[in-house]
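Chemist: Sending over work_0.tsv (TSV, C-alpha atoms).
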```tsv
chain	number	residue	atom	x	y	z
E	1	MET	CA	251.05	-18.20	146.53
E	2	GLY	CA	250.87	-15.80	143.59
E	3	LEU	CA	250.49	-16.48	139.91
E	4	LEU	CA	254.20	-16.35	139.15
E	5	SER	CA	255.64	-16.68	142.66
E	6	ASN	CA	255.62	-19.88	144.73
E	7	ARG	CA	256.58	-18.04	147.92
E	8	ILE	CA	254.55	-19.10	150.97
E	9	SER	CA	254.45	-18.49	154.71
E	10	LYS	CA	255.54	-21.10	157.23
E	11	GLU	CA	252.01	-21.11	158.65
E	12	SER	CA	250.60	-22.48	155.39
E	13	LEU	CA	252.89	-25.53	155.33
E	14	LYS	CA	251.37	-29.00	155.60
E	15	PRO	CA	252.98	-32.47	155.73
E	16	GLY	CA	253.72	-33.74	152.25
E	17	ASP	CA	254.59	-30.36	150.76
E	18	HIS	CA	257.52	-30.19	148.35
E	19	ILE	CA	259.39	-27.06	149.39
E	20	TYR	CA	262.54	-25.29	148.23
E	21	SER	CA	264.73	-22.30	148.93
E	22	TRP	CA	267.11	-20.48	146.62
E	23	ARG	CA	270.84	-20.64	147.34
E	24	THR	CA	273.97	-18.86	146.12
E	25	ALA	CA	272.42	-15.63	144.81
E	26	TYR	CA	269.44	-17.45	143.24
E	27	ILE	CA	271.67	-19.63	141.07
E	28	TYR	CA	270.46	-22.91	142.56
E	29	ALA	CA	267.51	-24.03	144.72
E	30	HIS	CA	267.61	-26.73	147.36
E	31	HIS	CA	264.51	-28.98	147.58
E	32	GLY	CA	262.97	-31.17	150.27
E	33	ILE	CA	259.79	-32.71	151.65
E	34	TYR	CA	258.12	-31.18	154.70
E	35	ILE	CA	256.90	-33.98	156.99
E	36	GLY	CA	255.39	-31.88	159.76
E	37	ASP	CA	256.53	-30.82	163.24
E	38	ASP	CA	258.94	-28.27	161.69
E	39	LYS	CA	260.98	-31.04	160.00
E	40	VAL	CA	262.18	-31.52	156.42
E	41	VAL	CA	263.61	-34.62	154.72
E	42	HIS	CA	265.97	-33.81	151.86
E	43	PHE	CA	268.73	-35.28	149.71
E	44	THR	CA	272.22	-33.78	149.97
E	45	ARG	CA	275.68	-34.22	148.50
E	46	ARG	CA	276.95	-35.96	151.61
E	47	GLY	CA	278.43	-39.41	151.25
E	48	GLN	CA	278.86	-40.97	147.82
E	49	GLU	CA	278.29	-38.51	145.01
E	50	VAL	CA	279.10	-37.72	141.41
E	51	GLY	CA	280.26	-34.21	140.63
E	52	THR	CA	280.14	-32.32	137.36
E	53	GLY	CA	283.82	-31.46	137.15
E	54	THR	CA	282.79	-27.82	136.65
E	55	VAL	CA	282.31	-24.68	138.71
E	56	LEU	CA	278.86	-26.05	139.63
E	57	ASP	CA	280.54	-28.32	142.16
E	58	LEU	CA	281.57	-25.20	144.10
E	59	LEU	CA	278.16	-23.55	143.80
E	60	LEU	CA	276.22	-26.58	145.01
E	61	VAL	CA	278.02	-27.02	148.32
E	62	SER	CA	274.98	-25.34	149.88
E	63	SER	CA	272.93	-28.43	149.07
E	64	GLY	CA	272.38	-29.27	152.70
E	65	PRO	CA	271.36	-27.85	156.06
E	66	ALA	CA	273.01	-24.75	157.43
E	67	ARG	CA	276.30	-25.35	159.20
E	68	SER	CA	276.81	-23.96	162.69
E	69	LEU	CA	279.42	-24.16	165.41
E	70	THR	CA	276.61	-25.27	167.72
E	71	PRO	CA	275.00	-28.47	166.34
E	72	CYS	CA	271.24	-28.28	165.90
E	73	PRO	CA	269.49	-30.83	168.17
E	74	THR	CA	266.86	-31.53	165.50
E	75	CYS	CA	269.03	-32.07	162.44
E	76	THR	CA	270.43	-35.56	161.88
E	77	HIS	CA	273.10	-37.03	159.64
E	78	ASN	CA	272.89	-40.63	158.49
E	79	GLU	CA	275.89	-42.67	159.57
E	80	GLU	CA	275.61	-44.65	156.33
E	81	GLY	CA	276.46	-41.45	154.43
E	82	HIS	CA	273.74	-41.99	151.82
E	83	GLY	CA	272.82	-38.31	151.77
E	84	VAL	CA	269.13	-38.30	152.80
E	85	VAL	CA	268.92	-36.25	156.00
E	86	LEU	CA	266.39	-34.82	158.43
E	87	SER	CA	266.62	-31.11	159.22
E	88	CYS	CA	264.58	-28.53	161.04
E	89	LEU	CA	262.91	-26.03	158.73
E	90	THR	CA	265.21	-23.21	159.86
E	91	CYS	CA	268.39	-25.13	158.99
E	92	PHE	CA	266.90	-26.31	155.70
E	93	LEU	CA	266.12	-22.74	154.63
E	94	ALA	CA	269.61	-21.59	155.69
E	95	GLY	CA	268.41	-17.99	155.87
E	96	GLY	CA	266.56	-18.19	152.55
E	97	VAL	CA	262.91	-17.65	151.65
E	98	LEU	CA	260.38	-20.50	151.71
E	99	TYR	CA	258.74	-21.60	148.44
E	100	ARG	CA	256.31	-24.43	147.62
E	101	PHE	CA	256.83	-26.45	144.42
E	102	ALA	CA	253.61	-26.53	142.37
E	103	TYR	CA	252.08	-29.71	140.89
E	104	ALA	CA	249.45	-30.28	138.18
E	105	VAL	CA	249.94	-26.79	136.74
E	106	SER	CA	248.52	-25.89	133.34
E	107	PRO	CA	250.83	-25.79	130.30
E	108	ALA	CA	250.37	-22.02	130.11
E	109	LEU	CA	251.46	-21.51	133.72
E	110	PHE	CA	254.35	-23.96	133.31
E	111	LEU	CA	255.72	-21.98	130.37
E	112	ALA	CA	255.06	-18.67	132.12
E	113	LYS	CA	257.47	-19.74	134.85
E	114	ALA	CA	260.49	-19.44	132.62
E	115	ARG	CA	262.89	-20.79	135.22
E	116	GLY	CA	262.86	-24.53	135.80
E	117	GLY	CA	262.65	-26.19	139.19
E	118	THR	CA	259.51	-24.44	140.45
E	119	CYS	CA	256.58	-26.47	139.10
E	120	THR	CA	255.53	-29.49	137.04
E	121	LEU	CA	252.65	-30.73	134.92
E	122	ALA	CA	252.66	-34.02	136.88
E	123	VAL	CA	250.04	-34.79	139.52
E	124	SER	CA	251.09	-35.36	143.13
E	125	ASP	CA	250.11	-38.46	145.09
E	126	PRO	CA	248.22	-38.15	148.42
E	127	ASP	CA	250.18	-36.46	151.21
E	128	ASP	CA	250.33	-39.64	153.32
E	129	ASP	CA	252.09	-41.48	150.47
E	130	VAL	CA	254.53	-38.59	150.04
E	131	VAL	CA	255.48	-38.54	153.73
E	132	HIS	CA	255.84	-42.35	153.76
E	133	ARG	CA	258.31	-42.27	150.85
E	134	ALA	CA	260.33	-39.47	152.43
E	135	LYS	CA	260.59	-41.23	155.79
E	136	TYR	CA	261.40	-44.58	154.18
E	137	LEU	CA	264.18	-43.08	152.07
E	138	LEU	CA	265.51	-41.26	155.13
E	139	GLU	CA	266.32	-44.70	156.52
E	140	ASN	CA	267.29	-46.40	153.26
E	141	GLY	CA	268.81	-43.78	150.96
E	142	PHE	CA	268.18	-42.54	147.43
E	143	GLY	CA	271.27	-43.74	145.63
E	144	CYS	CA	274.27	-41.75	144.47
E	145	TYR	CA	273.89	-37.97	144.22
E	146	ASN	CA	274.34	-36.59	140.71
E	147	VAL	CA	273.58	-32.94	139.93
E	148	PHE	CA	272.03	-33.75	136.53
E	149	LYS	CA	270.49	-37.20	137.09
E	150	ASN	CA	269.78	-37.67	140.79
E	151	ASN	CA	269.68	-34.48	142.83
E	152	CYS	CA	267.58	-32.95	145.62
E	153	GLU	CA	264.80	-31.94	143.23
E	154	ASP	CA	264.69	-35.45	141.74
E	155	PHE	CA	264.34	-36.81	145.28
E	156	ALA	CA	261.45	-34.49	146.15
E	157	ILE	CA	259.64	-35.15	142.85
E	158	TYR	CA	259.97	-38.90	143.39
E	159	CYS	CA	258.53	-38.58	146.91
E	160	LYS	CA	255.58	-36.61	145.50
E	161	THR	CA	254.84	-38.82	142.47
E	162	GLY	CA	256.61	-42.18	142.86
E	163	LEU	CA	257.88	-41.74	139.30
E	164	LEU	CA	261.40	-42.59	138.16
E	165	VAL	CA	263.12	-42.22	134.80
E	166	VAL	CA	263.57	-45.66	133.20
E	167	ASP	CA	266.93	-45.02	131.53
E	168	GLN	CA	269.38	-43.83	134.16
E	169	GLY	CA	271.72	-42.79	131.36
E	170	THR	CA	269.41	-39.87	130.57
E	171	MET	CA	268.60	-36.77	132.59
E	172	GLY	CA	266.49	-37.09	135.70
E	173	GLN	CA	263.29	-35.28	136.60
E	174	SER	CA	264.93	-32.08	137.82
E	175	GLY	CA	263.55	-28.96	136.15
E	176	GLN	CA	266.48	-26.79	137.15
E	177	ALA	CA	268.94	-29.29	135.64
E	178	VAL	CA	266.98	-29.11	132.37
E	179	SER	CA	267.18	-25.32	132.53
E	180	ILE	CA	270.96	-25.39	133.01
E	181	ILE	CA	271.34	-27.43	129.82
E	182	GLY	CA	268.39	-25.95	127.91
E	183	GLY	CA	269.69	-22.38	127.88
E	184	PRO	CA	273.02	-23.09	126.14
E	185	LEU	CA	271.30	-25.64	123.86
E	186	ALA	CA	268.77	-23.03	122.72
E	187	ALA	CA	271.57	-20.58	122.00
E	188	VAL	CA	273.46	-23.16	119.94
E	189	LEU	CA	270.40	-24.20	117.93
E	190	SER	CA	269.48	-20.61	117.14
E	191	THR	CA	273.00	-19.72	115.96
E	192	PRO	CA	272.51	-21.00	112.35
E	193	LEU	CA	269.96	-18.20	111.85
E	194	ARG	CA	272.86	-15.78	111.68
E	195	LEU	CA	273.66	-17.25	108.27
E	196	VAL	CA	270.30	-16.16	106.84
E	197	THR	CA	269.36	-13.12	108.92
E	198	THR	CA	270.83	-10.43	111.13
E	199	ASN	CA	267.54	-9.89	112.94
E	200	VAL	CA	268.47	-10.09	116.61
E	201	TYR	CA	264.83	-10.28	117.67
E	202	GLY	CA	264.18	-13.26	115.41
E	203	MET	CA	267.16	-15.16	116.78
E	204	ALA	CA	266.12	-14.35	120.35
E	205	ALA	CA	262.56	-15.54	119.70
E	206	THR	CA	263.88	-18.79	118.26
E	207	ALA	CA	266.15	-19.36	121.26
E	208	VAL	CA	263.27	-18.77	123.67
E	209	THR	CA	261.03	-21.14	121.72
E	210	VAL	CA	263.66	-23.91	121.74
E	211	TYR	CA	264.28	-23.38	125.46
E	212	CYS	CA	260.56	-23.56	126.34
E	213	ALA	CA	260.03	-26.61	124.14
E	214	SER	CA	262.94	-28.46	125.76
E	215	ARG	CA	261.62	-27.69	129.27
E	216	TYR	CA	258.09	-28.78	128.35
E	217	ALA	CA	259.16	-32.05	126.71
E	218	ALA	CA	261.51	-32.94	129.59
E	219	ASP	CA	258.97	-32.33	132.35
E	220	ILE	CA	258.11	-35.44	134.37
E	221	GLY	CA	254.43	-34.91	133.57
E	222	MET	CA	255.08	-35.20	129.83
E	223	ARG	CA	257.79	-37.84	129.60
E	224	ARG	CA	257.03	-41.42	128.56
E	225	ASP	CA	260.28	-42.87	129.90
E	226	VAL	CA	259.05	-43.00	133.50
E	227	VAL	CA	257.60	-45.75	135.68
E	228	LYS	CA	255.84	-45.90	139.03
E	229	VAL	CA	258.13	-47.52	141.60
E	230	SER	CA	257.42	-48.03	145.30
E	231	ALA	CA	260.01	-46.83	147.80
E	232	GLU	CA	260.52	-50.40	148.95
E	233	ASP	CA	261.18	-51.59	145.40
E	234	LEU	CA	263.46	-48.64	144.76
E	235	THR	CA	265.74	-49.47	147.67
E	236	ARG	CA	265.76	-53.13	146.68
E	237	ARG	CA	266.94	-52.15	143.20
E	238	LEU	CA	269.60	-49.86	144.65
E	239	ALA	CA	270.85	-52.63	146.93
E	240	THR	CA	271.07	-55.18	144.11
E	241	GLY	CA	272.28	-52.82	141.40
E	242	LEU	CA	269.12	-53.31	139.34
E	243	LEU	CA	267.91	-49.73	139.26
E	244	GLN	CA	268.43	-49.52	135.49
E	245	VAL	CA	266.51	-52.74	134.85
E	246	VAL	CA	262.77	-52.39	134.34
E	247	GLU	CA	260.54	-55.45	134.16
E	248	PRO	CA	258.49	-55.76	130.93
E	249	GLN	CA	255.18	-55.30	132.76
E	250	MET	CA	256.29	-51.91	134.13
E	251	SER	CA	255.42	-49.84	131.10
E	252	ALA	CA	256.00	-46.11	130.94
E	253	LEU	CA	253.13	-43.98	132.14
E	254	PRO	CA	251.27	-41.73	129.69
E	255	PRO	CA	251.61	-37.99	130.19
E	256	GLN	CA	249.28	-36.42	132.72
```
The structure given in the file should be rewritten as structure tokens.
Modeler:
Amino acid sequence: MGLLSNRISKESLKPGDHIYSWRTAYIYAHHGIYIGDDKVVHFTRRGQEVGTGTVLDLLLVSSGPARSLTPCPTCTHNEEGHGVVLSCLTCFLAGGVLYRFAYAVSPALFLAKARGGTCTLAVSDPDDDVVHRAKYLLENGFGCYNVFKNNCEDFAIYCKTGLLVVDQGTMGQSGQAVSIIGGPLAAVLSTPLRLVTTNVYGMAATAVTVYCASRYAADIGMRRDVVKVSAEDLTRRLATGLLQVVEPQMSALPPQ
């Protein structure tokens, strides 16, 4: 894996890896957890879901295993329709290139990777814990899919860290979702500079600074609105509708 590229070979995979592959001309990446034996657990838009009401809903239809006229004997689809599925690595990649999501990166490397959804400042839990969460959620679900608050990247990051955002009304952990919003936000915030200067380079530098700052502050490794939740407790909360309720003793974790 290079300095600025997370591309890896299939031979270097190990159980517990958070992997992803770019879809739709590199517009969107689909994420999952490799559990060994050429199998990946990932969260898709199947079943109950919340769309964006925008063109993104058409672009994200690739959030799932490759479709074929001949069903793959390895890939499974949950009858409950909760969206967490098991796929073989080939179907998960859907013809794309294999990448490994990086954890515990330095701030400098995080900012060097200008595109979100490839790395985080947060530290991963042991691989056995990661695989346990993925397999448990395969049987019990991960809630309602939402492209900005609860998507495939959020699922994989939760499996790796056990961290969830306290306020479900805010954005989830997904770095690529932050990037989708951060770009236009940076452009809007830099627009007032046109009133005091016509320097294109100055406005561009300001937009880049705002974009990087928003990505850095929203990263799961820096946020204070997260808590550690076991997979068992997560599914209990989903079943009882208490996911947004956090007990007083479950304080937010400090940044890594």
Chemist: Considering all atoms listed in the file, can you say which of E:Val41, E:Cys91, E:Val84, E:Ile19 comes closest to Pro71 in chain E?
Modeler: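 Ranked by minimum distance to Pro71 in chain E, first place goes to E:Cys91.
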Chemist: Skip Leu98 in chain E itself and residues of its chain fewer than 2 positions away, then list as an MDAnalysis selection string all residues within 8 Å of it, counting all atoms listed in the file.
Modeler: chainID E and resid 7:10 19:21 93 96 100
Chemist: Could you write those residues out with C-alpha atoms, as a short mmCIF file (atom, residue, chain, number, x, y, z; two decimals), keeping the file's coordinate frame?
Modeler:
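Saved result, out27.cif, follows:
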```cif
data_model
loop_
_atom_site.label_atom_id
_atom_site.label_comp_id
_atom_site.auth_asym_id
_atom_site.auth_seq_id
_atom_site.Cartn_x
_atom_site.Cartn_y
_atom_site.Cartn_z
CA ARG E 7 256.58 -18.04 147.92
CA ILE E 8 254.55 -19.10 150.97
CA SER E 9 254.45 -18.49 154.71
CA LYS E 10 255.54 -21.10 157.23
CA ILE E 19 259.39 -27.06 149.39
CA TYR E 20 262.54 -25.29 148.23
CA SER E 21 264.73 -22.30 148.93
CA LEU E 93 266.12 -22.74 154.63
CA GLY E 96 266.56 -18.19 152.55
CA ARG E 100 256.31 -24.43 147.62
#
```
Chemist: Which residue out of E:Asn6, E:Thr161, E:Thr74, E:Asn151 has the minimum interatomic distance to Val229 in chain E when all atoms listed in the file are used?
Modeler: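 Closest to Val229 in chain E, using all atoms listed in the file: E:Thr161.
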Chemist: Looking at only C-alpha atoms, which of E:Leu111, E:Ile33, E:Ala177, E:Cys75 is the one that sits closest to Ala213 in chain E?
Modeler: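 Ranking E:Leu111, E:Ile33, E:Ala177, E:Cys75 by distance to Ala213 in chain E, first place goes to E:Leu111.
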Chemist: Please tabulate, as CSV, the residues of range 70-138 of chain E that come within 9 Å of range 230-236 of chain E, each with its closest pair of atoms and the distance in Å to one decimal, counting all atoms listed in the file and ordering rows by chain, then residue number upward.
Modeler:
```
residue,atom,partner,partner_atom,distance
E:His132,CA,E:Ala231,CA,8.5
E:Arg133,CA,E:Ala231,CA,5.7
E:Ala134,CA,E:Ala231,CA,8.7
E:Tyr136,CA,E:Ala231,CA,6.9
E:Leu137,CA,E:Ala231,CA,7.0
```
Chemist: Would you output that residue set with C-alpha atoms, as an mmCIF file, in the frame of the given file?
Modeler:
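Saved the output as again-v2.cif:
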```cif
data_model
loop_
_atom_site.group_PDB
_atom_site.id
_atom_site.type_symbol
_atom_site.label_atom_id
_atom_site.label_comp_id
_atom_site.auth_asym_id
_atom_site.auth_seq_id
_atom_site.Cartn_x
_atom_site.Cartn_y
_atom_site.Cartn_z
ATOM 1 C CA HIS E 132 255.840 -42.350 153.760
ATOM 2 C CA ARG E 133 258.310 -42.270 150.850
ATOM 3 C CA ALA E 134 260.330 -39.470 152.430
ATOM 4 C CA TYR E 136 261.400 -44.580 154.180
ATOM 5 C CA LEU E 137 264.180 -43.080 152.070
#
```
Chemist: Pick the closest to Glu153 in chain E from E:Ala122, E:Ala29, E:Leu89, E:Cys212: which is it, counting all atoms listed in the file?
Modeler: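 Using all atoms listed in the file, the shortest distance to Glu153 in chain E belongs to E:Ala29.
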Chemist: How many Å lie between CA of Val227 in chain E and CA of Phe92 in chain E, rounded to one decimal?
Modeler: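 For CA of Val227 in chain E relative to CA of Phe92 in chain E, the distance reads 29.4 Å.
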Chemist: I need the residue nearest Cys88 in chain E from this list: E:Cys119, E:Tyr34, E:Val166, E:Ala114. Use all atoms listed in the file for the distance.
Modeler: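 Nearest to Cys88 in chain E: E:Tyr34.
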Chemist: Of the candidates E:Thr90, E:Val123, E:Asp38, E:Lys149, which shows the shortest atom-to-atom distance to Ser106 in chain E, using only C-alpha atoms?
Modeler: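 Residue with the minimum atom-to-atom distance to Ser106 in chain E: E:Val123.
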Chemist: What is the distance between CA of Gln173 in chain E and CA of Ser12 in chain E, in Å to one decimal?
Modeler: 26.0 Å
Chemist: One decimal, in Å: what's the spacing between CA of Leu13 in chain E and CA of His31 in chain E?
Modeler: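 If I compute the distance from CA of Leu13 in chain E to CA of His31 in chain E, I get 14.4 Å.
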